[in-house]
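Participant: Below is one structure. I have some questions about it.
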Amino acid sequence: LRAMIMEGIGQLNYREVDRPVPEPGGILVKVDTCALCATDIKLLTYGHDAITYPHVLGHEIAGVVEEVTPGVKDLKPGDRVALAPTLPCFSCWLCSQGAYTLCGEKKIFGYHYWGGFAQYVAVSRAGVENNLVKKVPEGVNLEEAALMEPLACVIHGQEEVDVRLGDTVVVLGLGPIGCMHIAVARARGATTIIAANRSSQTRLDMAKRFPADIYVNQQERDLKEVVMKATGGRGASVVIVATPAKAALSLAQEIVAPRGRISIFGGLPKNDPVIPLDANIVHYKEVTVHGSFSASPRDCDLALKLIAAGTINTGDFITHRLPLGKVAEGMDLIRRGECLKVVIKPQWDQ
Ligand SMILES: [Zn+2]
Ligand SMILES: [Zn+2]
C-alpha cells in the first residue's frame with residue numbers, strides 16, 4: 001500500500017509499505033480522508049519525542065473498517081468510522097479528574113501510532129476497547145467526519161472559556177480553527193462575533209462564509225476601535241486567540257471587557273513562549289485567562305453529534321482535496337495561508 005512516510009525531521013517520502021497487521025483485538029481501517037493540520041507541519045519540522053522513524057503523520061482520520069480481529073465487538077467490515085486520535089491512560093491523577101487532554105501517558109495517532117497519511121491505518125486493541133473508533137452517523141460523509149477532532153478541540157476551548165448567550169466574542173486569527181470558533185460561538189449563543197486577521201486577506205475572505213457579524217483586516221482597521229465601537233466602549237466579553245502570535249495576546253488584554261475571559265487557544269513556539277501580561281487588567285477588571293489544549297474522547301463524541309445534527313457543517317471548512325502523494329503541496333497551502341482545511345484522499349492514489 002502507499003503511504004507518505006516521514007523518514008526523519010523534514011523528510012517526507014511517498015512510497016510503498018507493508019500493509020499494517022492489526023494486533024489481536026484491534027482493527028484495520030481503510031483511510032478515506034485524513035485532514036492536514038498545522039500540527040502535522042510542526043511535527044515534520046521539529047519532530048516529537050514520541051515519534052520513531054519511519055513514521056506516518058496524520059491524526060484527523062475517517063474511513064471504512066476493512067478488517068476486524070477476533071474478539072472485536074460492535075464493529076464490522078464496512079462500518080464507516082472516524083477516529084478520535086488521543087487515547088488517555090484513564091488511570092493517572094489527571095485522568096481520574098477528567099482532565100484527559102492533559103494525561104502524560106496518552107497515546108496519539110500520528111505521534112505514537114502511525115497516522116492517516118496512508119491507505120490503511122491500524123487501531124490498537126486499547127483504542128478499540130476505549131471507543132476511539134466512532135461510528136459515523138448516517139447523513140454525515142467521511143470528509144465531514146474527518147473534521148471531528150479539530151471541531152472537538154474548539155468545543156473543548158469554548159467550554160473552558162464558557163462562551164454563552166449574549167456574549168460579544170472576538171476571534172483573533174482566521175485559520176480553520178479560528179473559523180470553527182466563529183461557528184461554535186454562534187451555536188453557543190454569542191450575539192456579536194468579531195472576526196479579525198492580521199496576515200492574509202485571502203483568509204479573511206474565506207472566513208466570510210462563517211457567521212461572524214464584523215470582519216476586520218487588522219492591516220487596514222484598528223481592531224480596538226472596532227471592538228470598542230461595537231460594545232459601547234465596554235470591550236469584548238470573550239477574546240479567543242487562535243493564532244500563535246504574541247501581538248494577538250497583547251491586544252487581547254486591551255480589548256477584553258471587565259469580567260471578560262481570554263482563551264489562549266494556540267501554543268507559542270517552544271523557545272519563545274513568554275508574553276507581557278498586564279496584571280492590573282487581570283486584577284482591576286477581574287479578567288480570567290483560560291488555557292485549552294486538545295480534545296477528550298467525550299469532546300469528540302459531542303463534535304460528531306453536532307456534525308450529525310447539522311449544528312456545525314464541517315464540510316464548509318474544506319477548501320482543498322488532494323491525493324496522498326501531494327501531502328507536501330497541502331502543507332505549502334497551509335504555510336501560505338491560502339486554504340482553510342486541506343483534506344488528503346489516500347484512495348485517489350493507485
Ligand atoms: Zn489537528
Ligand atoms: Zn492519564
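Each chain in the C-alpha cells gets a letter, A, B, ..., in the order shown, and its residues are numbered from 1; ligands are numbered from 1 in order too.
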Using only C-alpha atoms and all ligand atoms, what does the table of chain A residues within 7 Å of ligand 1 look like, with each row giving the shortest atom pair and its distance in Å to one decimal, sorted by chain and ascending number, as a tab-separated table?
Facilitator:
residue	atom	partner	partner_atom_place_in_ligand_line	distance
A:Cys37	CA	ligand 1	1 (Zn)	4.6
A:Ala38	CA	ligand 1	1 (Zn)	6.9
A:Thr39	CA	ligand 1	1 (Zn)	6.0
A:His59	CA	ligand 1	1 (Zn)	6.3
A:Glu60	CA	ligand 1	1 (Zn)	6.1
A:Glu149	CA	ligand 1	1 (Zn)	6.5
A:Pro150	CA	ligand 1	1 (Zn)	5.4
Participant: Mind writing the picked residues with N, CA, C and O atoms as a PDB file, in the first residue's frame?
Facilitator:
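Just written: selection-v3.pdb:
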ATOM      1  N   CYS A  37      -3.306  19.230   9.294  1.00  0.00           N
ATOM      2  CA  CYS A  37      -3.443  20.108  10.447  1.00  0.00           C
ATOM      3  C   CYS A  37      -2.109  20.837  10.600  1.00  0.00           C
ATOM      4  O   CYS A  37      -1.057  20.294  10.255  1.00  0.00           O
ATOM      5  N   ALA A  38      -2.141  22.062  11.109  1.00  0.00           N
ATOM      6  CA  ALA A  38      -0.890  22.800  11.316  1.00  0.00           C
ATOM      7  C   ALA A  38       0.074  21.990  12.186  1.00  0.00           C
ATOM      8  O   ALA A  38       1.294  22.091  12.047  1.00  0.00           O
ATOM      9  N   THR A  39      -0.486  21.164  13.060  1.00  0.00           N
ATOM     10  CA  THR A  39       0.347  20.310  13.912  1.00  0.00           C
ATOM     11  C   THR A  39       1.214  19.362  13.088  1.00  0.00           C
ATOM     12  O   THR A  39       2.354  19.068  13.457  1.00  0.00           O
ATOM     13  N   HIS A  59      -3.658  12.854  11.968  1.00  0.00           N
ATOM     14  CA  HIS A  59      -4.479  12.426  13.111  1.00  0.00           C
ATOM     15  C   HIS A  59      -5.955  12.785  12.958  1.00  0.00           C
ATOM     16  O   HIS A  59      -6.733  12.557  13.877  1.00  0.00           O
ATOM     17  N   GLU A  60      -6.347  13.333  11.807  1.00  0.00           N
ATOM     18  CA  GLU A  60      -7.769  13.684  11.621  1.00  0.00           C
ATOM     19  C   GLU A  60      -8.336  12.728  10.573  1.00  0.00           C
ATOM     20  O   GLU A  60      -8.402  13.040   9.387  1.00  0.00           O
ATOM     21  N   GLU A 149     -12.156  15.883  14.992  1.00  0.00           N
ATOM     22  CA  GLU A 149     -11.167  16.229  16.028  1.00  0.00           C
ATOM     23  C   GLU A 149     -10.894  17.720  16.149  1.00  0.00           C
ATOM     24  O   GLU A 149     -10.946  18.273  17.255  1.00  0.00           O
ATOM     25  N   PRO A 150     -10.612  18.439  15.048  1.00  0.00           N
ATOM     26  CA  PRO A 150     -10.430  19.882  15.234  1.00  0.00           C
ATOM     27  C   PRO A 150     -11.674  20.548  15.827  1.00  0.00           C
ATOM     28  O   PRO A 150     -11.564  21.435  16.684  1.00  0.00           O
TER      29      PRO A 150
END
Participant: Counting only C-alpha atoms, which residues of segment 302-346 of chain A fall within 12 Å of segment 137-146 of chain A, and what is the closest atom pair for each with its distance in Å at one decimal, ordered by chain and rising number, as a tab-separated table?
Facilitator:
residue	atom	partner	partner_atom	distance
A:Ala303	CA	A:Ala145	CA	9.1
A:Leu304	CA	A:Ala145	CA	6.9
A:Lys305	CA	A:Pro137	CA	8.3
A:Leu306	CA	A:Val140	CA	10.6
A:Ile307	CA	A:Val140	CA	7.3
A:Ala308	CA	A:Val140	CA	5.9
A:Ala309	CA	A:Val140	CA	9.2
A:Gly310	CA	A:Val140	CA	9.1
A:Ile312	CA	A:Glu144	CA	9.8
A:Asn313	CA	A:Glu144	CA	7.4
A:Thr314	CA	A:Glu144	CA	5.1
A:Gly315	CA	A:Glu144	CA	5.0
A:Asp316	CA	A:Glu144	CA	8.7
A:Phe317	CA	A:Glu144	CA	9.0
A:Ile318	CA	A:Glu143	CA	8.4
A:Thr319	CA	A:Glu143	CA	11.5
A:His320	CA	A:Glu143	CA	11.3
A:Arg321	CA	A:Glu143	CA	9.7
A:Lys341	CA	A:Glu143	CA	10.5
A:Val342	CA	A:Glu143	CA	10.4
A:Val343	CA	A:Glu143	CA	7.7
A:Ile344	CA	A:Glu143	CA	9.5
A:Lys345	CA	A:Glu143	CA	9.2
Participant: Could those residues be written to a file, using N, CA and C atoms, as a compact mmCIF listing (two decimals), in the first residue's frame?
Facilitator:
# COMPACT_ATOMS: atom_id res chain seq x y z
N ALA A 303 -18.65 16.50 19.23
CA ALA A 303 -18.41 17.09 17.91
C ALA A 303 -19.18 16.31 16.84
N LEU A 304 -19.09 14.98 16.91
CA LEU A 304 -19.77 14.15 15.91
C LEU A 304 -21.29 14.35 15.99
N LYS A 305 -21.79 14.50 17.20
CA LYS A 305 -23.21 14.73 17.40
C LYS A 305 -23.65 16.06 16.75
N LEU A 306 -22.82 17.10 16.93
CA LEU A 306 -23.16 18.40 16.35
C LEU A 306 -23.07 18.38 14.82
N ILE A 307 -22.11 17.61 14.31
CA ILE A 307 -22.00 17.47 12.85
C ILE A 307 -23.25 16.77 12.33
N ALA A 308 -23.65 15.68 13.00
CA ALA A 308 -24.82 14.91 12.56
C ALA A 308 -26.09 15.73 12.63
N ALA A 309 -26.18 16.59 13.64
CA ALA A 309 -27.39 17.41 13.82
C ALA A 309 -27.42 18.58 12.83
N GLY A 310 -26.29 18.83 12.16
CA GLY A 310 -26.25 19.97 11.24
C GLY A 310 -25.98 21.29 11.95
N ILE A 312 -23.11 22.27 13.19
CA ILE A 312 -21.87 22.73 12.59
C ILE A 312 -21.66 21.89 11.32
N ASN A 313 -21.53 22.57 10.20
CA ASN A 313 -21.29 21.84 8.95
C ASN A 313 -19.79 21.84 8.65
N THR A 314 -19.11 20.77 9.04
CA THR A 314 -17.65 20.76 8.90
C THR A 314 -17.23 20.73 7.42
N GLY A 315 -18.12 20.30 6.55
CA GLY A 315 -17.80 20.32 5.12
C GLY A 315 -17.47 21.73 4.63
N ASP A 316 -18.08 22.74 5.26
CA ASP A 316 -17.83 24.13 4.86
C ASP A 316 -16.38 24.57 5.05
N PHE A 317 -15.65 23.85 5.88
CA PHE A 317 -14.28 24.27 6.19
C PHE A 317 -13.27 23.71 5.19
N ILE A 318 -13.72 22.77 4.36
CA ILE A 318 -12.79 22.12 3.43
C ILE A 318 -12.67 22.97 2.17
N THR A 319 -11.44 23.40 1.86
CA THR A 319 -11.23 24.18 0.64
C THR A 319 -10.42 23.41 -0.40
N HIS A 320 -9.69 22.38 0.02
CA HIS A 320 -8.85 21.65 -0.94
C HIS A 320 -8.87 20.15 -0.65
N ARG A 321 -8.88 19.37 -1.73
CA ARG A 321 -8.78 17.91 -1.63
C ARG A 321 -7.59 17.48 -2.49
N LYS A 341 -9.35 24.10 5.46
CA LYS A 341 -8.91 22.72 5.65
C LYS A 341 -8.51 22.08 4.32
N VAL A 342 -7.37 21.46 4.31
CA VAL A 342 -6.93 20.64 3.19
C VAL A 342 -7.12 19.19 3.61
N VAL A 343 -7.86 18.42 2.82
CA VAL A 343 -8.01 17.00 3.16
C VAL A 343 -7.28 16.14 2.14
N ILE A 344 -6.67 15.09 2.65
CA ILE A 344 -5.93 14.14 1.82
C ILE A 344 -6.82 12.93 1.57
N LYS A 345 -6.85 12.47 0.31
CA LYS A 345 -7.70 11.34 -0.09
C LYS A 345 -6.82 10.17 -0.55
Participant: I'd like to know which of A:Lys42, A:Arg2, A:Arg203, A:Lys107 is closest to Arg336 of chain A, using only C-alpha atoms.
Facilitator: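 Checking each of A:Lys42, A:Arg2, A:Arg203, A:Lys107 against Arg336 of chain A, counting only C-alpha atoms, the winner is A:Arg203.
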Participant: As a quick test: using only C-alpha atoms and all ligand atoms, which residues lie no more than 8 Å away from ligand 2? Give them as a list in words.
Facilitator: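 I would give the residues around ligand 2 as Pro88, Cys89, Phe90, Ser91, Cys92, Trp93, Leu94, Cys95, Ser96, Tyr100, Leu102, Cys103, Gly104, Glu105 and Lys106 of chain A.
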Participant: Between A:Gly232, A:Pro54, A:Pro176, A:Gly260, single out the one closest to Tyr14 of chain A, counting only C-alpha atoms.
Facilitator: A:Pro54
Participant: Please extract the residues of segment 135-259 of chain A with a backbone DSSP assignment of strand (DSSP E) and present them as a list in words.
Facilitator: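 Of segment 135-259 of chain A, the ones in strand (DSSP E) are Lys135, Thr168, Val169, Val170, Val171, Leu172, Thr192, Ile193, Ile194, Ala195, Ala196, Asn197, Ile214, Tyr215, Val216, Asn217, Ala236, Ser237, Val238, Val239, Ile240, Val241, Val256, Ala257, Pro258 and Arg259 of chain A.
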Participant: Report as a tab-separated table: every residue of segment 79-172 of chain A with an atom at most 12 Å from segment 210-222 of chain A, its closest pair of atoms, and their distance in Å to one decimal, counting only C-alpha atoms, with rows sorted by chain and ascending residue number.
Facilitator:
residue	atom	partner	partner_atom	distance
A:Thr168	CA	A:Asp213	CA	10.1
A:Val169	CA	A:Ala212	CA	9.3
A:Val170	CA	A:Ala212	CA	9.3
A:Val171	CA	A:Ala212	CA	9.3
A:Leu172	CA	A:Val216	CA	9.6
Participant: If we count only C-alpha atoms, what is near segment 74-85 of chain A at a cut-off of 10 Å, once residues fewer than 5 positions away on the same chain are taken out, given as number ranges by chain?
Facilitator: A: 27-34, 58-69, 107-111, 113, 115-116, 123, 127-128, 131-138, 140-149, 152, 294-301, 304
Participant: Per DSSP on the backbone, filter segment 9-119 of chain A down to the residues in helix (DSSP H, G or I) and report them as a list in words.
Facilitator: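 Taking segment 9-119 of chain A and keeping helix (DSSP H, G or I) only, one gets Ala38, Thr39, Asp40, Ile41, Lys42, Leu43, Leu44, Thr45, Tyr46, Trp93, Leu94, Cys95, Ser96, Tyr100, Thr101 and Leu102 of chain A.
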Participant: Go ahead and dump the residues you just picked, all heavy atoms, as a compact mmCIF listing (two decimals), in the first residue's frame.
Facilitator:
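As written to disk, result.txt reads:
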# COMPACT_ATOMS: atom_id res chain seq x y z
N ALA A 38 -2.14 22.06 11.11
CA ALA A 38 -0.89 22.80 11.32
C ALA A 38 0.07 21.99 12.19
O ALA A 38 1.29 22.09 12.05
CB ALA A 38 -1.18 24.15 11.95
N THR A 39 -0.49 21.16 13.06
CA THR A 39 0.35 20.31 13.91
C THR A 39 1.21 19.36 13.09
O THR A 39 2.35 19.07 13.46
CB THR A 39 -0.55 19.48 14.85
OG1 THR A 39 -1.40 20.37 15.55
CG2 THR A 39 0.27 18.67 15.83
N ASP A 40 0.69 18.88 11.97
CA ASP A 40 1.49 17.97 11.13
C ASP A 40 2.74 18.67 10.63
O ASP A 40 3.81 18.07 10.54
CB ASP A 40 0.65 17.47 9.94
CG ASP A 40 -0.55 16.64 10.39
OD1 ASP A 40 -0.36 15.76 11.24
OD2 ASP A 40 -1.66 16.88 9.90
N ILE A 41 2.59 19.95 10.29
CA ILE A 41 3.75 20.72 9.81
C ILE A 41 4.75 20.90 10.94
O ILE A 41 5.96 20.75 10.76
CB ILE A 41 3.29 22.10 9.27
CG1 ILE A 41 2.37 21.90 8.07
CG2 ILE A 41 4.49 22.97 8.91
CD1 ILE A 41 1.83 23.18 7.48
N LYS A 42 4.23 21.19 12.14
CA LYS A 42 5.10 21.34 13.31
C LYS A 42 5.88 20.05 13.57
O LYS A 42 7.09 20.06 13.81
CB LYS A 42 4.22 21.67 14.53
CG LYS A 42 4.77 22.82 15.38
CD LYS A 42 3.99 22.96 16.68
CE LYS A 42 2.74 23.83 16.54
NZ LYS A 42 1.94 23.91 17.79
N LEU A 43 5.17 18.91 13.50
CA LEU A 43 5.83 17.62 13.76
C LEU A 43 6.89 17.33 12.71
O LEU A 43 7.97 16.81 13.02
CB LEU A 43 4.79 16.49 13.79
CG LEU A 43 3.79 16.54 14.94
CD1 LEU A 43 2.75 15.44 14.79
CD2 LEU A 43 4.50 16.40 16.28
N LEU A 44 6.58 17.64 11.46
CA LEU A 44 7.54 17.39 10.39
C LEU A 44 8.78 18.28 10.56
O LEU A 44 9.91 17.87 10.31
CB LEU A 44 6.89 17.64 9.02
CG LEU A 44 7.78 17.45 7.80
CD1 LEU A 44 8.24 15.99 7.69
CD2 LEU A 44 7.07 17.88 6.52
N THR A 45 8.55 19.51 11.00
CA THR A 45 9.64 20.49 11.11
C THR A 45 10.51 20.25 12.33
O THR A 45 11.74 20.38 12.27
CB THR A 45 9.05 21.92 11.18
OG1 THR A 45 8.07 22.06 10.15
CG2 THR A 45 10.13 22.97 10.97
N TYR A 46 9.88 19.91 13.45
CA TYR A 46 10.64 19.82 14.71
C TYR A 46 10.74 18.40 15.25
O TYR A 46 11.49 18.17 16.21
CB TYR A 46 10.01 20.72 15.77
CG TYR A 46 9.95 22.17 15.35
CD1 TYR A 46 8.74 22.77 15.00
CD2 TYR A 46 11.12 22.94 15.29
CE1 TYR A 46 8.69 24.10 14.61
CE2 TYR A 46 11.07 24.28 14.90
CZ TYR A 46 9.85 24.85 14.56
OH TYR A 46 9.81 26.16 14.16
N TRP A 93 -3.58 10.64 37.79
CA TRP A 93 -4.35 11.58 38.63
C TRP A 93 -5.11 12.60 37.80
O TRP A 93 -6.19 13.05 38.20
CB TRP A 93 -3.44 12.26 39.66
CG TRP A 93 -2.44 13.23 39.10
CD1 TRP A 93 -1.23 12.95 38.57
CD2 TRP A 93 -2.59 14.66 39.04
NE1 TRP A 93 -0.60 14.10 38.17
CE2 TRP A 93 -1.41 15.17 38.45
CE3 TRP A 93 -3.59 15.57 39.43
CZ2 TRP A 93 -1.20 16.53 38.23
CZ3 TRP A 93 -3.39 16.92 39.21
CH2 TRP A 93 -2.20 17.40 38.61
N LEU A 94 -4.58 12.95 36.62
CA LEU A 94 -5.29 13.90 35.76
C LEU A 94 -6.51 13.23 35.12
O LEU A 94 -7.61 13.78 35.13
CB LEU A 94 -4.34 14.45 34.69
CG LEU A 94 -3.32 15.45 35.25
CD1 LEU A 94 -2.13 15.60 34.31
CD2 LEU A 94 -3.98 16.80 35.51
N CYS A 95 -6.31 12.02 34.59
CA CYS A 95 -7.45 11.28 34.02
C CYS A 95 -8.53 11.06 35.07
O CYS A 95 -9.73 11.17 34.77
CB CYS A 95 -7.00 9.95 33.43
SG CYS A 95 -6.16 10.11 31.84
N SER A 96 -8.12 10.76 36.30
CA SER A 96 -9.12 10.46 37.32
C SER A 96 -9.96 11.69 37.65
O SER A 96 -11.03 11.59 38.23
CB SER A 96 -8.46 9.88 38.58
OG SER A 96 -7.73 10.90 39.23
N TYR A 100 -8.55 14.56 30.70
CA TYR A 100 -7.95 13.58 29.78
C TYR A 100 -6.95 14.20 28.81
O TYR A 100 -5.99 13.57 28.41
CB TYR A 100 -9.05 12.86 28.98
CG TYR A 100 -10.01 12.11 29.85
CD1 TYR A 100 -11.35 12.48 29.93
CD2 TYR A 100 -9.57 11.03 30.62
CE1 TYR A 100 -12.23 11.79 30.73
CE2 TYR A 100 -10.45 10.33 31.43
CZ TYR A 100 -11.78 10.73 31.48
OH TYR A 100 -12.65 10.05 32.29
N THR A 101 -7.20 15.47 28.41
CA THR A 101 -6.31 16.08 27.42
C THR A 101 -4.92 16.31 28.00
O THR A 101 -3.96 16.50 27.27
CB THR A 101 -6.86 17.44 26.93
OG1 THR A 101 -7.03 18.30 28.06
CG2 THR A 101 -8.18 17.27 26.22
N LEU A 102 -4.81 16.31 29.33
CA LEU A 102 -3.52 16.61 29.96
C LEU A 102 -2.78 15.35 30.40
O LEU A 102 -1.69 15.43 30.98
CB LEU A 102 -3.74 17.54 31.16
CG LEU A 102 -4.50 18.83 30.84
CD1 LEU A 102 -4.59 19.72 32.08
CD2 LEU A 102 -3.83 19.60 29.71
